[in-house]
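As stored in target.cif (mmCIF, C-alpha atoms):
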data_my_file
#
loop_
_atom_site.label_atom_id
_atom_site.label_comp_id
_atom_site.auth_asym_id
_atom_site.auth_seq_id
_atom_site.Cartn_x
_atom_site.Cartn_y
_atom_site.Cartn_z
CA MET D 251 0.33 -12.55 26.23
CA THR D 252 -0.37 -11.41 29.78
CA LEU D 253 -3.25 -12.65 31.95
CA LEU D 254 -5.27 -9.48 31.31
CA GLU D 255 -4.74 -9.77 27.57
CA SER D 256 -5.69 -13.46 27.70
CA LEU D 257 -8.93 -12.64 29.47
CA TYR D 258 -9.69 -9.95 26.90
CA TYR D 259 -8.87 -12.37 24.06
CA LEU D 260 -11.19 -14.99 25.53
CA GLY D 261 -14.07 -12.52 25.62
CA TYR D 262 -13.19 -11.28 22.14
CA SER D 263 -13.17 -14.83 20.75
CA ILE D 264 -16.54 -15.73 22.28
CA LYS D 265 -18.13 -12.52 20.99
CA LYS D 266 -16.68 -13.01 17.50
CA ARG D 267 -17.77 -16.66 17.29
CA TYR D 268 -21.32 -15.80 18.38
CA ALA D 269 -21.56 -12.85 15.98
CA LEU D 270 -20.33 -14.85 12.99
CA LYS D 271 -22.72 -17.70 13.80
CA ASN D 272 -25.62 -15.23 13.82
CA GLN D 273 -24.40 -13.02 10.98
CA SER D 274 -27.04 -11.23 8.89
CA ARG D 275 -26.89 -10.01 5.28
CA LEU D 276 -28.46 -6.82 3.93
CA PRO D 277 -30.06 -6.84 0.44
CA SER D 278 -27.45 -4.26 -0.66
CA LYS D 279 -23.69 -4.27 -0.89
CA VAL D 280 -21.82 -3.39 2.27
CA MET D 281 -18.38 -1.80 2.51
CA SER D 282 -16.63 -1.65 5.87
CA VAL D 283 -13.98 0.89 6.92
CA GLY D 284 -12.14 0.22 10.16
CA ASN D 285 -8.95 -0.53 12.00
CA VAL D 286 -7.43 -2.96 14.50
CA THR D 287 -6.56 -0.32 17.11
CA LEU D 288 -8.54 2.15 19.20
CA GLY D 289 -8.95 5.29 17.11
CA GLY D 290 -6.29 7.45 15.56
CA THR D 291 -6.21 6.17 11.97
CA GLY D 292 -8.40 8.85 10.40
CA LYS D 293 -11.49 6.75 9.72
CA THR D 294 -13.97 9.61 9.61
CA PRO D 295 -12.28 11.56 6.76
CA ALA D 296 -11.78 8.27 4.89
CA VAL D 297 -15.46 7.29 5.23
CA MET D 298 -16.53 10.75 4.07
CA ALA D 299 -14.18 10.61 1.07
CA LEU D 300 -15.46 7.17 0.06
CA ALA D 301 -19.09 8.30 0.33
CA GLU D 302 -18.45 11.42 -1.76
CA GLU D 303 -16.55 9.42 -4.38
CA ALA D 304 -19.40 6.89 -4.60
CA LYS D 305 -21.85 9.70 -5.20
CA LYS D 306 -19.63 11.14 -7.95
CA ARG D 307 -19.71 7.75 -9.67
CA GLY D 308 -23.50 7.58 -9.62
CA ILE D 309 -23.68 5.20 -6.65
CA GLN D 310 -26.03 6.14 -3.80
CA PRO D 311 -24.12 5.67 -0.52
CA CYS D 312 -25.46 5.55 3.00
CA ILE D 313 -23.23 5.65 6.07
CA LEU D 314 -24.05 3.35 8.96
CA THR D 315 -22.28 4.38 12.15
CA ARG D 316 -22.37 3.31 15.76
CA GLY D 317 -22.43 6.99 16.74
CA TYR D 318 -19.97 6.52 19.59
CA LYS D 319 -21.17 8.21 22.80
CA GLY D 320 -24.37 9.37 21.09
CA LYS D 321 -27.40 8.89 23.36
CA ALA D 322 -30.08 8.24 20.72
CA LYS D 323 -31.50 4.73 21.07
CA GLY D 324 -32.19 2.35 18.21
CA PRO D 325 -31.67 3.15 14.51
CA SER D 326 -31.85 6.92 14.05
CA PHE D 327 -31.35 9.30 11.15
CA VAL D 328 -28.52 11.68 11.94
CA SER D 329 -29.16 13.03 8.45
CA THR D 330 -31.23 12.01 5.44
CA GLY D 331 -28.77 13.95 3.30
CA LYS D 332 -30.13 17.43 4.05
CA GLY D 333 -28.22 18.35 7.19
CA PRO D 334 -28.21 17.19 10.84
CA LEU D 335 -31.40 15.99 12.49
CA LEU D 336 -29.75 15.20 15.83
CA ASP D 337 -27.32 17.13 18.02
CA GLU D 338 -23.90 15.93 19.17
CA HIS D 339 -25.21 14.52 22.44
CA GLN D 340 -27.71 12.36 20.54
CA ALA D 341 -25.55 11.45 17.55
CA GLY D 342 -21.93 11.58 18.72
CA ASP D 343 -19.24 13.86 17.32
CA GLU D 344 -18.19 11.80 14.30
CA ALA D 345 -21.74 11.14 13.13
CA LEU D 346 -22.64 14.83 13.48
CA LEU D 347 -19.55 15.90 11.55
CA MET D 348 -20.49 13.59 8.67
CA ALA D 349 -24.07 14.83 8.73
CA GLU D 350 -22.92 18.45 8.53
CA LYS D 351 -20.36 17.92 5.76
CA LEU D 352 -22.08 15.40 3.48
CA HIS D 353 -24.95 16.48 1.23
CA GLY D 354 -27.29 13.97 -0.39
CA ILE D 355 -25.78 11.16 1.69
CA PRO D 356 -27.82 9.68 4.56
CA VAL D 357 -26.05 9.08 7.88
CA VAL D 358 -27.70 6.60 10.22
CA LYS D 359 -26.77 5.83 13.81
CA GLY D 360 -27.34 2.37 15.20
CA LYS D 361 -25.41 -0.09 17.35
CA ASP D 362 -26.84 -2.96 15.26
CA ARG D 363 -25.84 -2.04 11.71
CA TYR D 364 -28.12 -4.68 10.16
CA LYS D 365 -31.19 -3.15 11.85
CA ALA D 366 -29.93 0.30 10.86
CA GLY D 367 -29.65 -0.80 7.22
CA ILE D 368 -33.16 -2.24 7.18
CA PHE D 369 -34.36 1.00 8.80
CA VAL D 370 -32.90 2.93 5.84
CA ILE D 371 -34.39 0.63 3.22
CA GLU D 372 -37.85 0.79 4.80
CA ASN D 373 -37.91 4.54 5.48
CA LEU D 374 -36.10 5.97 2.45
CA ALA D 375 -37.11 3.36 -0.14
CA LEU D 376 -33.44 2.99 -1.03
CA GLN D 377 -31.10 0.07 -1.55
CA PRO D 378 -27.85 2.01 -1.32
CA LEU D 379 -24.22 1.04 -0.96
CA PHE D 380 -23.85 0.85 2.80
CA ILE D 381 -20.57 2.15 4.17
CA LEU D 382 -19.86 0.98 7.71
CA ASP D 383 -18.00 3.53 9.76
CA ASP D 384 -15.66 1.68 12.15
CA GLY D 385 -17.00 -1.67 11.01
CA PHE D 386 -13.96 -3.98 10.90
CA GLN D 387 -15.05 -5.76 14.10
CA HIS D 388 -18.80 -5.64 13.37
CA TRP D 389 -19.00 -9.34 12.48
CA ARG D 390 -22.78 -9.52 12.92
CA LEU D 391 -23.20 -7.98 9.46
CA HIS D 392 -21.89 -9.54 6.26
CA ARG D 393 -19.48 -7.26 4.41
CA ASP D 394 -18.72 -7.45 0.68
CA THR D 395 -15.58 -5.32 1.06
CA ASN D 396 -13.32 -4.79 4.06
CA ILE D 397 -11.09 -1.70 4.03
CA LEU D 398 -8.52 -1.58 6.82
CA LEU D 399 -6.71 1.61 7.83
CA LEU D 400 -3.29 1.51 9.53
CA ASP D 401 -1.62 4.65 10.85
CA SER D 402 1.96 4.77 9.53
CA SER D 403 3.31 6.21 12.79
CA ARG D 404 1.84 3.53 15.07
CA PRO D 405 0.03 0.85 13.03
CA PHE D 406 -0.35 -1.59 15.92
CA GLY D 407 0.08 0.70 18.93
CA ASN D 408 2.36 -0.99 21.46
CA ARG D 409 1.40 -4.37 19.99
CA ARG D 410 -0.58 -5.37 23.05
CA LEU D 411 -4.25 -6.22 23.25
CA LEU D 412 -6.67 -4.27 25.37
CA PRO D 413 -6.56 -3.33 28.20
CA LEU D 414 -2.75 -3.11 28.22
CA GLY D 415 -2.53 -1.78 24.67
CA SER D 416 -4.69 -0.35 21.92
CA LEU D 417 -5.15 -3.49 19.79
CA ARG D 418 -8.79 -4.49 19.49
CA GLU D 419 -7.77 -7.86 18.08
CA PRO D 420 -4.55 -9.73 17.25
CA ILE D 421 -2.41 -8.38 14.42
CA ASN D 422 -3.15 -11.45 12.27
CA ALA D 423 -6.72 -10.11 11.94
CA ILE D 424 -5.44 -7.97 9.07
CA SER D 425 -5.64 -11.17 7.00
CA ARG D 426 -9.35 -10.58 6.32
CA ALA D 427 -8.86 -7.13 4.77
CA ASP D 428 -9.51 -6.72 1.03
CA PHE D 429 -7.83 -3.31 0.93
CA ILE D 430 -5.23 -1.96 3.33
CA VAL D 431 -4.58 1.77 3.44
CA ILE D 432 -1.55 3.08 5.32
CA THR D 433 -2.69 6.50 6.48
CA ARG D 434 -0.69 9.62 7.31
CA ALA D 435 1.98 8.19 5.06
CA GLY D 436 3.50 11.61 4.51
CA ILE D 437 4.15 12.32 8.19
CA ASN D 438 6.92 10.70 10.26
CA ARG D 439 7.45 7.89 7.80
CA GLN D 440 10.94 6.94 6.66
CA ARG D 441 11.28 4.61 3.72
CA SER D 442 12.86 1.84 5.83
CA GLU D 443 9.99 2.00 8.33
CA GLY D 444 7.50 1.78 5.48
CA ASP D 445 9.26 -1.26 4.08
CA ASP D 446 9.21 -2.99 7.48
CA LEU D 447 5.49 -2.32 7.81
CA ILE D 448 4.78 -3.59 4.30
CA ASN D 449 6.74 -6.76 5.01
CA GLU D 450 4.77 -7.36 8.18
CA ILE D 451 1.48 -6.72 6.40
CA ARG D 452 2.42 -9.19 3.68
CA HIS D 453 3.34 -11.79 6.31
CA TYR D 454 -0.32 -11.87 7.37
CA ASN D 455 -2.07 -10.78 4.17
CA LYS D 456 -0.58 -11.46 0.76
CA GLU D 457 -3.74 -10.73 -1.23
CA ALA D 458 -5.03 -7.32 -0.12
CA GLN D 459 -4.38 -4.36 -2.37
CA LEU D 460 -2.15 -1.87 -0.55
CA PHE D 461 -2.37 1.93 -0.79
CA PHE D 462 -0.83 4.94 0.92
CA ALA D 463 -2.93 7.94 1.97
CA GLN D 464 -2.49 11.26 3.65
CA HIS D 465 -4.78 13.40 5.76
CA ASN D 466 -3.89 16.77 4.32
CA PRO D 467 -4.81 20.12 5.88
CA THR D 468 -6.80 22.22 3.41
CA LYS D 469 -8.23 25.25 5.23
CA PHE D 470 -9.09 26.95 8.51
CA ILE D 471 -12.70 27.56 9.56
CA THR D 472 -13.71 30.34 11.94
CA MET D 473 -16.52 30.28 14.51
CA TYR D 474 -18.59 32.15 11.90
CA ASP D 475 -18.03 29.45 9.25
CA GLU D 476 -15.67 31.74 7.36
CA ILE D 477 -13.17 29.76 5.26
CA LEU D 478 -9.54 30.86 5.55
CA SER D 479 -6.71 29.54 3.39
CA LEU D 480 -3.63 27.87 4.85
CA GLU D 481 -1.68 30.92 3.73
CA TRP D 482 -3.74 32.99 6.17
CA ALA D 483 -1.87 31.33 9.05
CA LYS D 484 1.57 32.52 7.90
CA GLY D 485 3.05 34.88 10.47
CA LYS D 486 0.37 34.09 13.08
CA SER D 487 0.88 32.16 16.32
CA PHE D 488 -1.37 29.37 17.61
CA PHE D 489 -2.19 27.30 20.68
CA SER D 490 -3.77 23.92 19.89
CA PHE D 491 -6.02 21.51 21.74
CA CYS D 492 -7.86 18.33 20.78
CA GLY D 493 -9.55 15.26 22.16
CA ILE D 494 -8.89 12.65 19.49
CA GLY D 495 -7.35 9.17 19.34
CA ASN D 496 -3.92 10.40 18.23
CA PRO D 497 -3.36 13.95 19.49
CA GLN D 498 0.27 13.89 18.40
CA SER D 499 -0.83 13.51 14.79
CA PHE D 500 -2.80 16.77 15.01
CA LYS D 501 0.22 18.58 16.40
CA GLU D 502 2.41 17.17 13.63
CA THR D 503 -0.15 18.17 11.00
CA LEU D 504 -0.11 21.75 12.28
CA LEU D 505 3.69 21.84 12.26
CA SER D 506 3.71 20.43 8.71
CA ILE D 507 2.10 23.62 7.41
CA ASP D 508 4.84 25.68 9.05
CA ILE D 509 2.80 27.63 11.57
CA SER D 510 4.08 29.06 14.84
CA LEU D 511 2.74 26.70 17.52
CA LYS D 512 3.22 28.11 21.00
CA GLY D 513 1.77 25.19 22.93
CA SER D 514 -0.83 22.42 22.98
CA MET D 515 -3.32 20.77 25.33
CA PRO D 516 -4.41 17.16 24.70
CA PHE D 517 -7.65 15.69 26.07
CA ARG D 518 -8.93 12.11 26.07
CA ASP D 519 -10.49 10.82 22.86
CA HIS D 520 -14.12 12.01 22.54
CA HIS D 521 -13.68 14.23 25.60
CA ARG D 522 -16.92 16.01 26.55
CA TYR D 523 -15.89 19.64 26.99
CA THR D 524 -17.17 21.91 29.72
CA GLN D 525 -17.09 25.67 30.07
CA ASN D 526 -14.28 25.22 32.60
CA ASP D 527 -12.24 23.44 29.93
CA ILE D 528 -12.77 26.37 27.60
CA GLN D 529 -11.60 28.78 30.26
CA SER D 530 -8.48 26.69 30.84
CA ILE D 531 -7.77 26.66 27.11
CA LYS D 532 -8.24 30.45 26.93
CA ASN D 533 -5.89 30.93 29.88
CA ASP D 534 -3.21 28.68 28.40
CA THR D 535 -3.52 30.37 25.02
CA SER D 536 -3.01 33.75 26.67
CA ARG D 537 -0.07 32.53 28.76
CA SER D 538 1.61 31.03 25.69
CA GLY D 539 1.45 34.36 23.86
CA ALA D 540 -0.50 32.82 20.97
CA GLU D 541 -2.89 34.98 18.96
CA TRP D 542 -5.19 32.14 17.89
CA THR D 543 -6.51 28.86 19.27
CA VAL D 544 -6.90 25.93 16.87
CA THR D 545 -8.61 22.55 17.15
CA THR D 546 -10.02 19.80 14.91
CA GLU D 547 -13.37 19.81 13.13
CA LYS D 548 -14.38 16.79 15.20
CA ASP D 549 -13.68 18.66 18.44
CA ILE D 550 -15.82 21.56 17.22
CA MET D 551 -18.80 19.19 17.21
CA ARG D 552 -18.34 18.73 20.98
CA LEU D 553 -18.04 22.46 21.63
CA LYS D 554 -21.48 23.38 20.37
CA GLY D 555 -23.56 25.16 23.00
CA LEU D 556 -20.54 26.49 24.90
CA SER D 557 -19.35 30.09 25.00
CA LEU D 558 -16.29 30.05 22.75
CA PRO D 559 -13.50 32.58 22.17
CA LYS D 560 -13.66 34.56 18.94
CA ASN D 561 -10.06 33.65 18.12
CA LEU D 562 -10.87 29.93 17.84
CA VAL D 563 -10.52 28.21 14.46
CA SER D 564 -10.64 24.60 13.33
CA LEU D 565 -8.38 22.94 10.79
CA GLY D 566 -10.08 21.26 7.83
CA ILE D 567 -8.57 17.90 6.83
CA GLU D 568 -9.12 15.83 3.68
CA PHE D 569 -8.34 12.18 3.06
CA GLN D 570 -6.19 12.00 -0.07
CA VAL D 571 -5.26 8.77 -1.82
CA ASP D 572 -4.35 7.72 -5.34
CA GLN D 573 -7.37 7.59 -7.66
CA THR D 574 -6.55 3.94 -8.38
CA PHE D 575 -7.78 3.14 -4.87
CA TYR D 576 -11.28 4.34 -5.72
CA ASP D 577 -11.20 2.64 -9.12
CA GLU D 578 -10.46 -0.69 -7.45
CA VAL D 579 -12.84 -0.25 -4.52
CA PHE D 580 -15.75 0.72 -6.78
CA LYS D 581 -14.95 -1.78 -9.53
CA ASN D 582 -18.11 -3.43 -10.88
CA GLY D 583 -20.27 -0.72 -9.32
CA SER D 584 -19.59 -1.81 -5.73
#
What is this structure when it is put down as C-alpha cells?
Amino acid sequence: MTLLESLYYLGYSIKKRYALKNQSRLPSKVMSVGNVTLGGTGKTPAVMALAEEAKKRGIQPCILTRGYKGKAKGPSFVSTGKGPLLDEHQAGDEALLMAEKLHGIPVVKGKDRYKAGIFVIENLALQPLFILDDGFQHWRLHRDTNILLLDSSRPFGNRRLLPLGSLREPINAISRADFIVITRAGINRQRSEGDDLINEIRHYNKEAQLFFAQHNPTKFITMYDEILSLEWAKGKSFFSFCGIGNPQSFKETLLSIDISLKGSMPFRDHHRYTQNDIQSIKNDTSRSGAEWTVTTEKDIMRLKGLSLPKNLVSLGIEFQVDQTFYDEVFKNGS
C-alpha cells in the first residue's frame, strides 16, 4: 500500500468507526445495493429491478439515494411514485432516471439515509422496504440485507485504493455482503476468468449467495419518447457517447447487438453537458459518417434543457438475473 493509499485508508477507517458507533436503525427493513469500486457496476438498473420486483410481490418499496451531484438540500422527494418532482440539477441523473421510470415507487434524495427514511415515514404514512441506492459504504444506517455488485470485466479495478485506484475500501470488505452479484457476466467473461473471480470471492466470503447477471439492451428511445426495437438498428450506423463509470461497457453493449459503430466519445462519469459538447458530438458524428448518435438513458437525464439533434437515441438497458435471486432476496417478505 502506497503512502497516498495509506492516508486514504486512515481516513476511511476513522469515518467507518465513527459511523458504526453512531449507527441508526429505521423501523422498516433496509436493503442495500452497492459496490466496492467507483461506479461502473450497473447499480441503477439493479436497484430499479429490485424495486419493481418487490412491488410485484406485494411489498411496498421506497428507494433512498444520495442523489449524486444533485443540489437539493436535506431529504427531498424526487418522486412520490407519480413522476419526477425535481429536475436533474436538483436530484442528480440517477435519481431522476429512477423517478421517471418507476411508477408507484417513491424515490427520495438525502445524504443521510436515516433522516431520509424518517422523512418518508412521516410524510407518506408508509413503512416500506427501503432500498439503498449505492449504500454498501453507508454504515450510519443499519441494513438487514447487503447486496454487492461486482463487474465481471473489472471487479476490483486496478486493485488499488483511492486516489490511485477505484477501490472505495479494501477487497476484504466483500466479507459483509449477504448476496454477491457478478454483473455483465455475458460480456468479456471467459470461464477461467469467472472461476478465478469466484475463488477470490470465496476466499473472503464463504457464506454469501452468488449470482450472475447481465445488463441486456432491450430497445432504443428517440427524443420524442418513441420506442424502437433492437431490430430497427440493423443496417444503420451509429456514433456513441457517454459519461458513465465504465464507458467501455457501453461500447461493448452496443457491439453485442451487432450494430455498425463508427466511433465513440467518452466523458467523465456524471459529466455535466454543455451546448458546446453537443456541437462537438454532432461534428464527430458527421465526420464519422454515422447516421445516428446513441447514448445511455442516464446521460439523457443530463441533456435535458439543451438543443439536441433529431438523430439522437438512447439505449434502454434492463438488469436480468435468475429468478432464484429474487426468491432468496425477498424470502420471508423482506
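Each of D:Pro325, D:Gly415, D:Pro420, D:Gly555 was compared to Leu254 in chain D using only C-alpha atoms, and D:Gly415 turns out to be the nearest.
Non-sequential neighbours of Gln529 in chain D (distance at most 12 Å, separation of 6 or more positions within a chain, all atoms listed in the file) are Tyr523, Thr535, Ser536, Leu556, Ser557, Leu558 and Pro559 of chain D.
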Item to check | Hits of the PyMOL selection byres ((chain D and resi 278) around 10) in this structure, as a ChimeraX atom specification | outcome: /D:275-277,279-281,367-368,371,376-380,393-394,584
Checklist entry - D:Met298, D:Ile509, D:Leu270, D:Leu288: which is nearest Pro413 in chain D, counting only C-alpha atoms? => result D:Leu288
Next on the checklist: Taking 4 positions as the minimum chain separation for residues in the same chain, which residues sit within 9 Å of Glu302 in chain D when counting only C-alpha atoms? Answer as a PyMOL selection string.
Outcome noted: chain D and resi 297-298+306-307+311+352-353+355
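With all atoms listed in the file as the basis for measurement, D:Leu565 is the residue among D:Leu565, D:Leu553, D:Ile397, D:Leu414 that approaches Ser479 in chain D most closely.
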Item to check | the PyMOL selection byres ((chain D and resi 515) around 9) resolved against shown file, as a PyMOL selection string | outcome: chain D and resi 489-493+497+513-514+516-517+531+534
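Between Ile494 in chain D and the candidates D:Asp362, D:Asp428, D:Glu568, D:Asp343, the tightest atom-to-atom separation, counting only C-alpha atoms, involves D:Asp343.
The closest residue to Phe386 in chain D, picked from D:Thr287, D:Ser416, D:Ser403, D:Asn449 and counting all atoms listed in the file, is D:Thr287.
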What's the 9 Å shell around Asp508 in chain D, counting all atoms listed in the file, without same-chain residues fewer than 4 positions away, as a PDB file with C-alpha atoms, in the coordinates of the input?
ATOM      1  CA  ALA D 483      -1.870  31.330   9.050  1.00  0.00           C
ATOM      2  CA  LYS D 484       1.570  32.520   7.900  1.00  0.00           C
ATOM      3  CA  LEU D 504      -0.110  21.750  12.280  1.00  0.00           C
TER       4      LEU D 504
END
